[in-house]
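Listing of final_18.csv; format and content: CSV, N, CA and C atoms.
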```
chain,number,residue,atom,x,y,z
S,205,MET,N,-3.2,-56.1,265.3
S,205,MET,CA,-2.1,-56.2,264.5
S,205,MET,C,-2.2,-55.3,263.2
S,206,GLU,N,-3.4,-55.2,262.8
S,206,GLU,CA,-3.7,-54.3,261.6
S,206,GLU,C,-3.3,-52.9,261.9
S,207,PHE,N,-3.4,-52.4,263.1
S,207,PHE,CA,-3.0,-51.1,263.4
S,207,PHE,C,-1.5,-50.9,263.2
S,208,PHE,N,-0.7,-51.9,263.6
S,208,PHE,CA,0.7,-51.8,263.5
S,208,PHE,C,1.2,-51.9,262.0
S,209,ASP,N,0.5,-52.7,261.2
S,209,ASP,CA,0.8,-52.8,259.8
S,209,ASP,C,0.5,-51.5,259.1
S,210,LYS,N,-0.6,-50.8,259.4
S,210,LYS,CA,-0.9,-49.5,258.8
S,210,LYS,C,0.1,-48.5,259.3
S,211,LEU,N,0.5,-48.5,260.5
S,211,LEU,CA,1.5,-47.6,261.1
S,211,LEU,C,2.8,-47.8,260.3
S,212,GLY,N,3.2,-49.0,260.2
S,212,GLY,CA,4.4,-49.4,259.5
S,212,GLY,C,4.4,-48.9,258.0
S,213,GLU,N,3.3,-49.1,257.3
S,213,GLU,CA,3.1,-48.6,256.0
S,213,GLU,C,3.2,-47.1,255.9
S,214,SER,N,2.6,-46.4,256.9
S,214,SER,CA,2.6,-44.9,256.9
S,214,SER,C,4.0,-44.4,257.1
S,215,LEU,N,4.7,-45.1,258.0
S,215,LEU,CA,6.1,-44.7,258.3
S,215,LEU,C,7.0,-44.9,257.1
S,216,VAL,N,6.8,-46.0,256.4
S,216,VAL,CA,7.6,-46.3,255.2
S,216,VAL,C,7.3,-45.2,254.1
S,217,SER,N,6.0,-44.9,254.0
S,217,SER,CA,5.6,-44.0,253.0
S,217,SER,C,6.1,-42.6,253.3
S,218,ALA,N,6.0,-42.2,254.6
S,218,ALA,CA,6.6,-40.9,255.0
S,218,ALA,C,8.1,-40.9,254.8
S,219,GLY,N,8.8,-41.9,255.1
S,219,GLY,CA,10.2,-42.0,254.8
S,219,GLY,C,10.6,-41.8,253.4
S,220,LYS,N,9.8,-42.5,252.5
S,220,LYS,CA,10.0,-42.3,251.1
S,220,LYS,C,9.8,-40.9,250.6
S,221,ASP,N,8.7,-40.3,251.2
S,221,ASP,CA,8.4,-38.9,250.8
S,221,ASP,C,9.6,-37.9,251.3
S,222,VAL,N,10.1,-38.1,252.5
S,222,VAL,CA,11.2,-37.3,253.0
S,222,VAL,C,12.4,-37.6,252.1
S,223,GLY,N,12.7,-38.8,251.8
S,223,GLY,CA,13.8,-39.1,251.0
S,223,GLY,C,13.7,-38.5,249.6
S,224,GLN,N,12.5,-38.5,249.0
S,224,GLN,CA,12.3,-37.9,247.7
S,224,GLN,C,12.5,-36.4,247.8
S,225,ARG,N,12.0,-35.8,248.8
S,225,ARG,CA,12.1,-34.4,249.0
S,225,ARG,C,13.5,-34.0,249.2
S,226,ALA,N,14.3,-34.7,249.9
S,226,ALA,CA,15.7,-34.4,250.1
S,226,ALA,C,16.4,-34.5,248.8
S,227,LYS,N,16.1,-35.5,248.0
S,227,LYS,CA,16.7,-35.7,246.7
S,227,LYS,C,16.3,-34.5,245.8
S,228,ASP,N,15.1,-34.1,245.8
S,228,ASP,CA,14.6,-33.0,245.0
S,228,ASP,C,15.4,-31.7,245.4
S,229,VAL,N,15.5,-31.5,246.7
S,229,VAL,CA,16.2,-30.3,247.2
S,229,VAL,C,17.6,-30.3,246.7
S,230,SER,N,18.3,-31.4,246.8
S,230,SER,CA,19.7,-31.6,246.3
S,230,SER,C,19.8,-31.3,244.8
S,231,GLU,N,18.9,-31.9,244.1
S,231,GLU,CA,18.9,-31.7,242.6
S,231,GLU,C,18.6,-30.2,242.2
S,232,ILE,N,17.7,-29.6,242.9
S,232,ILE,CA,17.4,-28.2,242.7
S,232,ILE,C,18.7,-27.3,243.0
S,233,ALA,N,19.3,-27.6,244.1
S,233,ALA,CA,20.5,-26.9,244.5
S,233,ALA,C,21.6,-27.0,243.4
S,234,LYS,N,21.8,-28.2,242.9
S,234,LYS,CA,22.8,-28.5,241.9
S,234,LYS,C,22.4,-27.7,240.6
S,235,LEU,N,21.1,-27.8,240.2
S,235,LEU,CA,20.7,-27.1,239.0
S,235,LEU,C,20.9,-25.6,239.1
S,236,LYS,N,20.6,-25.0,240.3
S,236,LYS,CA,20.8,-23.6,240.6
S,236,LYS,C,22.3,-23.2,240.4
S,237,ILE,N,23.2,-24.1,240.9
S,237,ILE,CA,24.6,-23.8,240.8
S,237,ILE,C,25.0,-23.9,239.3
S,238,ASP,N,24.5,-24.8,238.6
S,238,ASP,CA,24.8,-24.9,237.2
S,238,ASP,C,24.2,-23.7,236.4
S,239,ILE,N,23.0,-23.3,236.7
S,239,ILE,CA,22.5,-22.1,236.1
S,239,ILE,C,23.4,-20.9,236.3
S,240,LYS,N,23.8,-20.7,237.6
S,240,LYS,CA,24.7,-19.5,237.9
S,240,LYS,C,26.0,-19.6,237.1
S,241,SER,N,26.5,-20.8,237.0
S,241,SER,CA,27.8,-21.0,236.3
S,241,SER,C,27.6,-20.6,234.8
S,242,LYS,N,26.5,-21.1,234.2
S,242,LYS,CA,26.2,-20.7,232.8
S,242,LYS,C,25.9,-19.2,232.6
S,243,GLU,N,25.2,-18.6,233.6
S,243,GLU,CA,25.0,-17.2,233.5
S,243,GLU,C,26.3,-16.4,233.6
S,244,ASP,N,27.2,-16.8,234.5
S,244,ASP,CA,28.5,-16.2,234.6
S,244,ASP,C,29.3,-16.3,233.3
S,245,TYR,N,29.2,-17.5,232.6
S,245,TYR,CA,29.9,-17.8,231.4
S,245,TYR,C,29.3,-16.8,230.3
S,246,VAL,N,28.0,-16.7,230.2
S,246,VAL,CA,27.4,-15.8,229.3
S,246,VAL,C,27.8,-14.4,229.5
S,247,GLN,N,27.9,-13.9,230.7
S,247,GLN,CA,28.3,-12.6,231.0
S,247,GLN,C,29.7,-12.3,230.6
S,248,LYS,N,30.6,-13.3,230.8
S,248,LYS,CA,32.0,-13.2,230.4
S,248,LYS,C,32.1,-13.1,228.8
S,249,LYS,N,31.3,-13.9,228.2
S,249,LYS,CA,31.3,-13.9,226.7
S,249,LYS,C,30.7,-12.6,226.2
S,250,TYR,N,29.7,-12.0,226.9
S,250,TYR,CA,29.2,-10.7,226.5
S,250,TYR,C,30.3,-9.6,226.6
S,251,ALA,N,31.1,-9.7,227.7
S,251,ALA,CA,32.2,-8.8,228.0
S,251,ALA,C,33.3,-9.0,226.9
S,252,ASP,N,33.6,-10.2,226.6
S,252,ASP,CA,34.6,-10.5,225.6
S,252,ASP,C,34.1,-9.9,224.2
S,253,LEU,N,32.9,-10.1,223.9
S,253,LEU,CA,32.3,-9.6,222.6
S,253,LEU,C,32.4,-8.1,222.6
S,254,GLY,N,32.0,-7.5,223.7
S,254,GLY,CA,32.1,-6.0,223.8
S,254,GLY,C,33.5,-5.5,223.7
S,255,ALA,N,34.4,-6.2,224.3
S,255,ALA,CA,35.8,-5.8,224.2
S,255,ALA,C,36.3,-5.9,222.7
S,256,ALA,N,35.9,-7.0,222.1
S,256,ALA,CA,36.3,-7.2,220.7
S,256,ALA,C,35.7,-6.1,219.8
S,257,TYR,N,34.4,-5.8,220.0
S,257,TYR,CA,33.8,-4.8,219.3
S,257,TYR,C,34.5,-3.4,219.5
S,258,PHE,N,34.8,-3.1,220.7
S,258,PHE,CA,35.5,-1.9,221.0
S,258,PHE,C,36.8,-1.8,220.3
S,259,GLU,N,37.6,-2.9,220.3
S,259,GLU,CA,38.9,-2.9,219.7
S,259,GLU,C,38.8,-2.7,218.2
S,260,LYS,N,37.7,-3.3,217.6
S,260,LYS,CA,37.5,-3.3,216.1
S,260,LYS,C,37.1,-1.9,215.7
S,261,HIS,N,36.3,-1.2,216.5
S,261,HIS,CA,35.6,0.0,216.1
S,261,HIS,C,36.1,1.3,216.8
S,262,LYS,N,37.1,1.2,217.7
S,262,LYS,CA,37.5,2.3,218.5
S,262,LYS,C,38.0,3.5,217.7
S,263,ASN,N,38.4,3.3,216.5
S,263,ASN,CA,38.9,4.4,215.7
S,263,ASN,C,38.0,4.8,214.5
S,264,ASP,N,36.8,4.1,214.5
S,264,ASP,CA,35.8,4.4,213.4
S,264,ASP,C,35.1,5.7,213.7
S,265,GLU,N,35.3,6.7,212.8
S,265,GLU,CA,34.7,8.0,213.0
S,265,GLU,C,33.2,8.0,212.8
S,266,ASP,N,32.7,7.1,211.9
S,266,ASP,CA,31.3,7.1,211.5
S,266,ASP,C,30.6,5.9,212.2
S,267,CYS,N,31.1,5.4,213.3
S,267,CYS,CA,30.4,4.3,214.0
S,267,CYS,C,29.2,4.8,214.7
S,268,ASP,N,28.1,4.0,214.7
S,268,ASP,CA,26.9,4.4,215.4
S,268,ASP,C,27.1,4.6,216.9
S,269,ASP,N,28.0,3.8,217.4
S,269,ASP,CA,28.3,3.8,218.9
S,269,ASP,C,29.5,4.7,219.3
S,270,ARG,N,29.8,5.7,218.4
S,270,ARG,CA,31.0,6.5,218.6
S,270,ARG,C,31.0,7.1,220.0
S,271,GLU,N,29.9,7.6,220.5
S,271,GLU,CA,29.9,8.2,221.9
S,271,GLU,C,30.3,7.2,222.9
S,272,GLN,N,29.7,6.0,222.9
S,272,GLN,CA,30.0,5.0,223.9
S,272,GLN,C,31.5,4.6,223.8
S,273,LEU,N,32.0,4.4,222.6
S,273,LEU,CA,33.4,4.1,222.4
S,273,LEU,C,34.3,5.2,222.9
S,274,PHE,N,33.9,6.4,222.7
S,274,PHE,CA,34.7,7.5,223.2
S,274,PHE,C,34.8,7.5,224.7
S,275,LEU,N,33.6,7.3,225.4
S,275,LEU,CA,33.5,7.2,226.8
S,275,LEU,C,34.4,6.1,227.4
S,276,ILE,N,34.4,4.9,226.7
S,276,ILE,CA,35.2,3.8,227.2
S,276,ILE,C,36.7,4.2,227.0
S,277,GLN,N,37.1,4.8,225.9
S,277,GLN,CA,38.5,5.1,225.7
S,277,GLN,C,38.9,6.2,226.7
S,278,GLU,N,38.0,7.1,227.0
S,278,GLU,CA,38.3,8.1,228.0
S,278,GLU,C,38.5,7.5,229.4
S,279,ALA,N,37.7,6.5,229.7
S,279,ALA,CA,37.9,5.8,231.0
S,279,ALA,C,39.2,5.0,231.0
S,280,LEU,N,39.5,4.3,229.9
S,280,LEU,CA,40.8,3.6,229.8
S,280,LEU,C,42.0,4.5,230.0
S,281,ASP,N,41.9,5.7,229.3
S,281,ASP,CA,43.0,6.6,229.5
S,281,ASP,C,43.1,7.1,230.9
S,282,GLU,N,42.0,7.3,231.6
S,282,GLU,CA,42.1,7.7,233.0
S,282,GLU,C,42.6,6.6,233.9
S,283,ILE,N,42.3,5.4,233.6
S,283,ILE,CA,42.9,4.3,234.4
S,283,ILE,C,44.4,4.2,234.2
S,284,GLU,N,44.9,4.4,233.0
S,284,GLU,CA,46.3,4.4,232.8
S,284,GLU,C,47.0,5.6,233.5
S,285,ARG,N,46.3,6.7,233.5
S,285,ARG,CA,46.9,7.9,234.2
S,285,ARG,C,47.0,7.6,235.7
S,286,MET,N,45.9,7.0,236.2
S,286,MET,CA,45.9,6.7,237.7
S,286,MET,C,47.0,5.6,238.0
S,287,LYS,N,47.1,4.6,237.2
S,287,LYS,CA,48.2,3.6,237.4
S,287,LYS,C,49.5,4.2,237.4
S,288,ALA,N,49.8,5.2,236.5
S,288,ALA,CA,51.1,5.8,236.4
S,288,ALA,C,51.3,6.7,237.7
S,289,GLU,N,50.2,7.3,238.2
S,289,GLU,CA,50.3,8.0,239.4
S,289,GLU,C,50.7,7.1,240.6
S,290,VAL,N,50.1,6.0,240.7
S,290,VAL,CA,50.4,5.0,241.7
S,290,VAL,C,51.9,4.6,241.6
S,291,LEU,N,52.4,4.3,240.4
S,291,LEU,CA,53.8,4.0,240.3
S,291,LEU,C,54.7,5.2,240.7
S,292,ARG,N,54.3,6.4,240.3
S,292,ARG,CA,55.1,7.6,240.7
S,292,ARG,C,55.2,7.7,242.2
S,293,ILE,N,54.0,7.5,242.8
S,293,ILE,CA,54.0,7.6,244.3
S,293,ILE,C,54.9,6.5,244.9
S,294,GLN,N,54.9,5.4,244.3
S,294,GLN,CA,55.7,4.2,244.9
S,294,GLN,C,57.1,4.3,244.5
S,295,GLY,N,57.5,5.3,243.6
S,295,GLY,CA,58.9,5.5,243.2
S,295,GLY,C,59.2,4.4,242.2
S,296,ALA,N,58.3,4.0,241.4
S,296,ALA,CA,58.5,2.9,240.4
S,296,ALA,C,58.1,3.3,239.0
S,297,ALA,N,58.4,2.4,238.1
S,297,ALA,CA,58.0,2.6,236.7
S,297,ALA,C,57.6,1.3,236.1
S,298,GLU,N,56.9,1.3,235.1
S,298,GLU,CA,56.4,0.0,234.4
S,298,GLU,C,57.1,-0.1,233.1
S,299,CYS,N,57.7,-1.3,232.9
S,299,CYS,CA,58.3,-1.6,231.6
S,299,CYS,C,57.3,-1.5,230.5
S,300,PRO,N,57.6,-0.7,229.4
S,300,PRO,CA,56.6,-0.6,228.3
S,300,PRO,C,56.4,-1.9,227.5
S,301,LYS,N,57.4,-2.8,227.6
S,301,LYS,CA,57.3,-4.0,226.8
S,301,LYS,C,56.6,-5.1,227.6
S,302,CYS,N,57.0,-5.4,228.8
S,302,CYS,CA,56.5,-6.6,229.5
S,302,CYS,C,55.6,-6.2,230.7
S,303,GLY,N,55.6,-4.9,231.1
S,303,GLY,CA,54.7,-4.5,232.2
S,303,GLY,C,55.3,-4.7,233.6
S,304,ASN,N,56.5,-5.2,233.7
S,304,ASN,CA,57.1,-5.5,234.9
S,304,ASN,C,57.4,-4.2,235.7
S,305,LYS,N,57.1,-4.2,237.0
S,305,LYS,CA,57.3,-3.0,237.8
S,305,LYS,C,58.8,-2.9,238.2
S,306,MET,N,59.4,-1.7,237.9
S,306,MET,CA,60.8,-1.5,238.1
S,306,MET,C,61.0,-0.3,239.0
S,307,PRO,N,62.2,-0.3,239.7
S,307,PRO,CA,62.5,0.9,240.5
S,307,PRO,C,62.7,2.1,239.5
S,308,GLU,N,62.2,3.3,239.9
S,308,GLU,CA,62.3,4.5,239.0
S,308,GLU,C,63.8,4.7,238.9
S,309,GLY,N,64.2,5.1,237.6
S,309,GLY,CA,65.6,5.3,237.3
S,309,GLY,C,66.3,4.1,236.8
S,310,ALA,N,65.7,3.0,236.8
S,310,ALA,CA,66.4,1.8,236.3
S,310,ALA,C,66.7,2.0,234.8
S,311,ALA,N,67.9,1.5,234.4
S,311,ALA,CA,68.3,1.7,233.0
S,311,ALA,C,67.6,0.6,232.1
S,312,PHE,N,67.5,-0.6,232.6
S,312,PHE,CA,66.9,-1.7,231.8
S,312,PHE,C,65.9,-2.5,232.7
S,313,CYS,N,65.0,-3.1,232.0
S,313,CYS,CA,64.0,-3.9,232.7
S,313,CYS,C,64.7,-5.2,233.2
S,314,SER,N,64.5,-5.6,234.4
S,314,SER,CA,65.2,-6.8,235.0
S,314,SER,C,64.5,-8.0,234.5
S,315,SER,N,63.3,-7.9,233.9
S,315,SER,CA,62.6,-9.1,233.4
S,315,SER,C,62.9,-9.4,231.9
S,316,CYS,N,62.8,-8.3,231.1
S,316,CYS,CA,62.9,-8.6,229.6
S,316,CYS,C,64.1,-7.9,229.0
S,317,GLY,N,64.8,-7.0,229.8
S,317,GLY,CA,66.0,-6.3,229.3
S,317,GLY,C,65.7,-5.0,228.4
S,318,THR,N,64.5,-4.6,228.3
S,318,THR,CA,64.1,-3.4,227.5
S,318,THR,C,64.8,-2.2,228.1
S,319,LYS,N,65.4,-1.4,227.3
S,319,LYS,CA,66.0,-0.1,227.8
S,319,LYS,C,64.9,0.8,228.3
S,320,MET,N,65.1,1.3,229.5
S,320,MET,CA,64.1,2.1,230.2
S,320,MET,C,64.3,3.6,230.0
S,321,ASP,N,65.4,4.1,229.4
S,321,ASP,CA,65.7,5.5,229.3
S,321,ASP,C,64.5,6.3,228.7
S,322,ASP,N,63.8,5.7,227.7
S,322,ASP,CA,62.7,6.4,227.1
S,322,ASP,C,61.6,6.7,228.0
S,323,MET,N,61.5,6.0,229.1
S,323,MET,CA,60.4,6.1,230.1
S,323,MET,C,60.6,7.5,230.8
S,324,TYR,N,61.8,7.9,231.0
S,324,TYR,CA,62.0,9.1,231.9
S,324,TYR,C,62.2,10.4,231.2
S,325,GLU,N,62.0,10.4,229.9
S,325,GLU,CA,62.1,11.6,229.1
S,325,GLU,C,60.7,12.2,229.0
S,326,ASP,N,60.4,13.2,229.7
S,326,ASP,CA,59.1,13.9,229.7
S,326,ASP,C,59.3,15.4,229.6
```

Encoding of this model in structure tokens:
Amino acid sequence: MEFFDKLGESLVSAGKDVGQRAKDVSEIAKLKIDIKSKEDYVQKKYADLGAAYFEKHKNDEDCDDREQLFLIQEALDEIERMKAEVLRIQGAAECPKCGNKMPEGAAFCSSCGTKMDDMYED
């Protein structure tokens, strides 16, 4: 009978170990998800801070980061040029006030009513 008692105790102990390990694995997984979420939050805040810094200093001639600011502005200008090219190819224009996509040649924006004539004078 002693053999079965020891066997029972061993099985109970092993079951507790497996249960604790499963709980630990679950807790670690949850913590890793929480860590990733916080890291993503920090990265977004870094980006927001950088964007705010850029907006504040983009016209400063004596800024220590002038070269980086220039390169960012150059990239933003190129993005706008490429977006305009996409609209041109699509036969569309973007409202300068609300950004709504309009058919090329439209007199007014169908979303906000802004006069579009100025868009077509080049």

Picked from chain S by DSSP as strand (DSSP E or B), as a list in words: Ala296, Ala297, Glu298, Lys305, Met306, Pro307, Phe312 and Lys319 of chain S

Length of the atom N of S:Gln272 to atom CA of S:Ala256 vector [Å]: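 Interatomic distance, atom N of S:Gln272 to atom CA of S:Ala256: 14.9 Å.
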
Shell of 7 Å around S:Leu273, all atoms listed in the file, local chain residues under 6 positions omitted, as a list in words: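 Once the adjacent positions are removed, what remains is Phe258, His261 and Lys262 of chain S.
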
Within-6 Å shell of (63.2, 1.1, 240.8) in input frame, all atoms listed in the file, as a ChimeraX atom specification: /S:295-297,306-310

Polymer residues at most 8 Å from S:Cys316, all atoms listed in the file, same-chain spacing of 3 or more positions, as a PyMOL selection string: chain S and resi 301-304+312-313+319

Length of the atom N of S:Lys260 to atom CA of S:Glu243 vector [Å]: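 Straight-line distance from atom N of S:Lys260 to atom CA of S:Glu243 works out to 24.6 Å.
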
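Note that atom C of S:Ala255 and atom CA of S:Glu284 are 17.6 Å apart.
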
DSSP-assigned helix (DSSP H, G or I) among stretch 207-312 of chain S, expressed as number ranges by chain: S: 207-261, 270-294
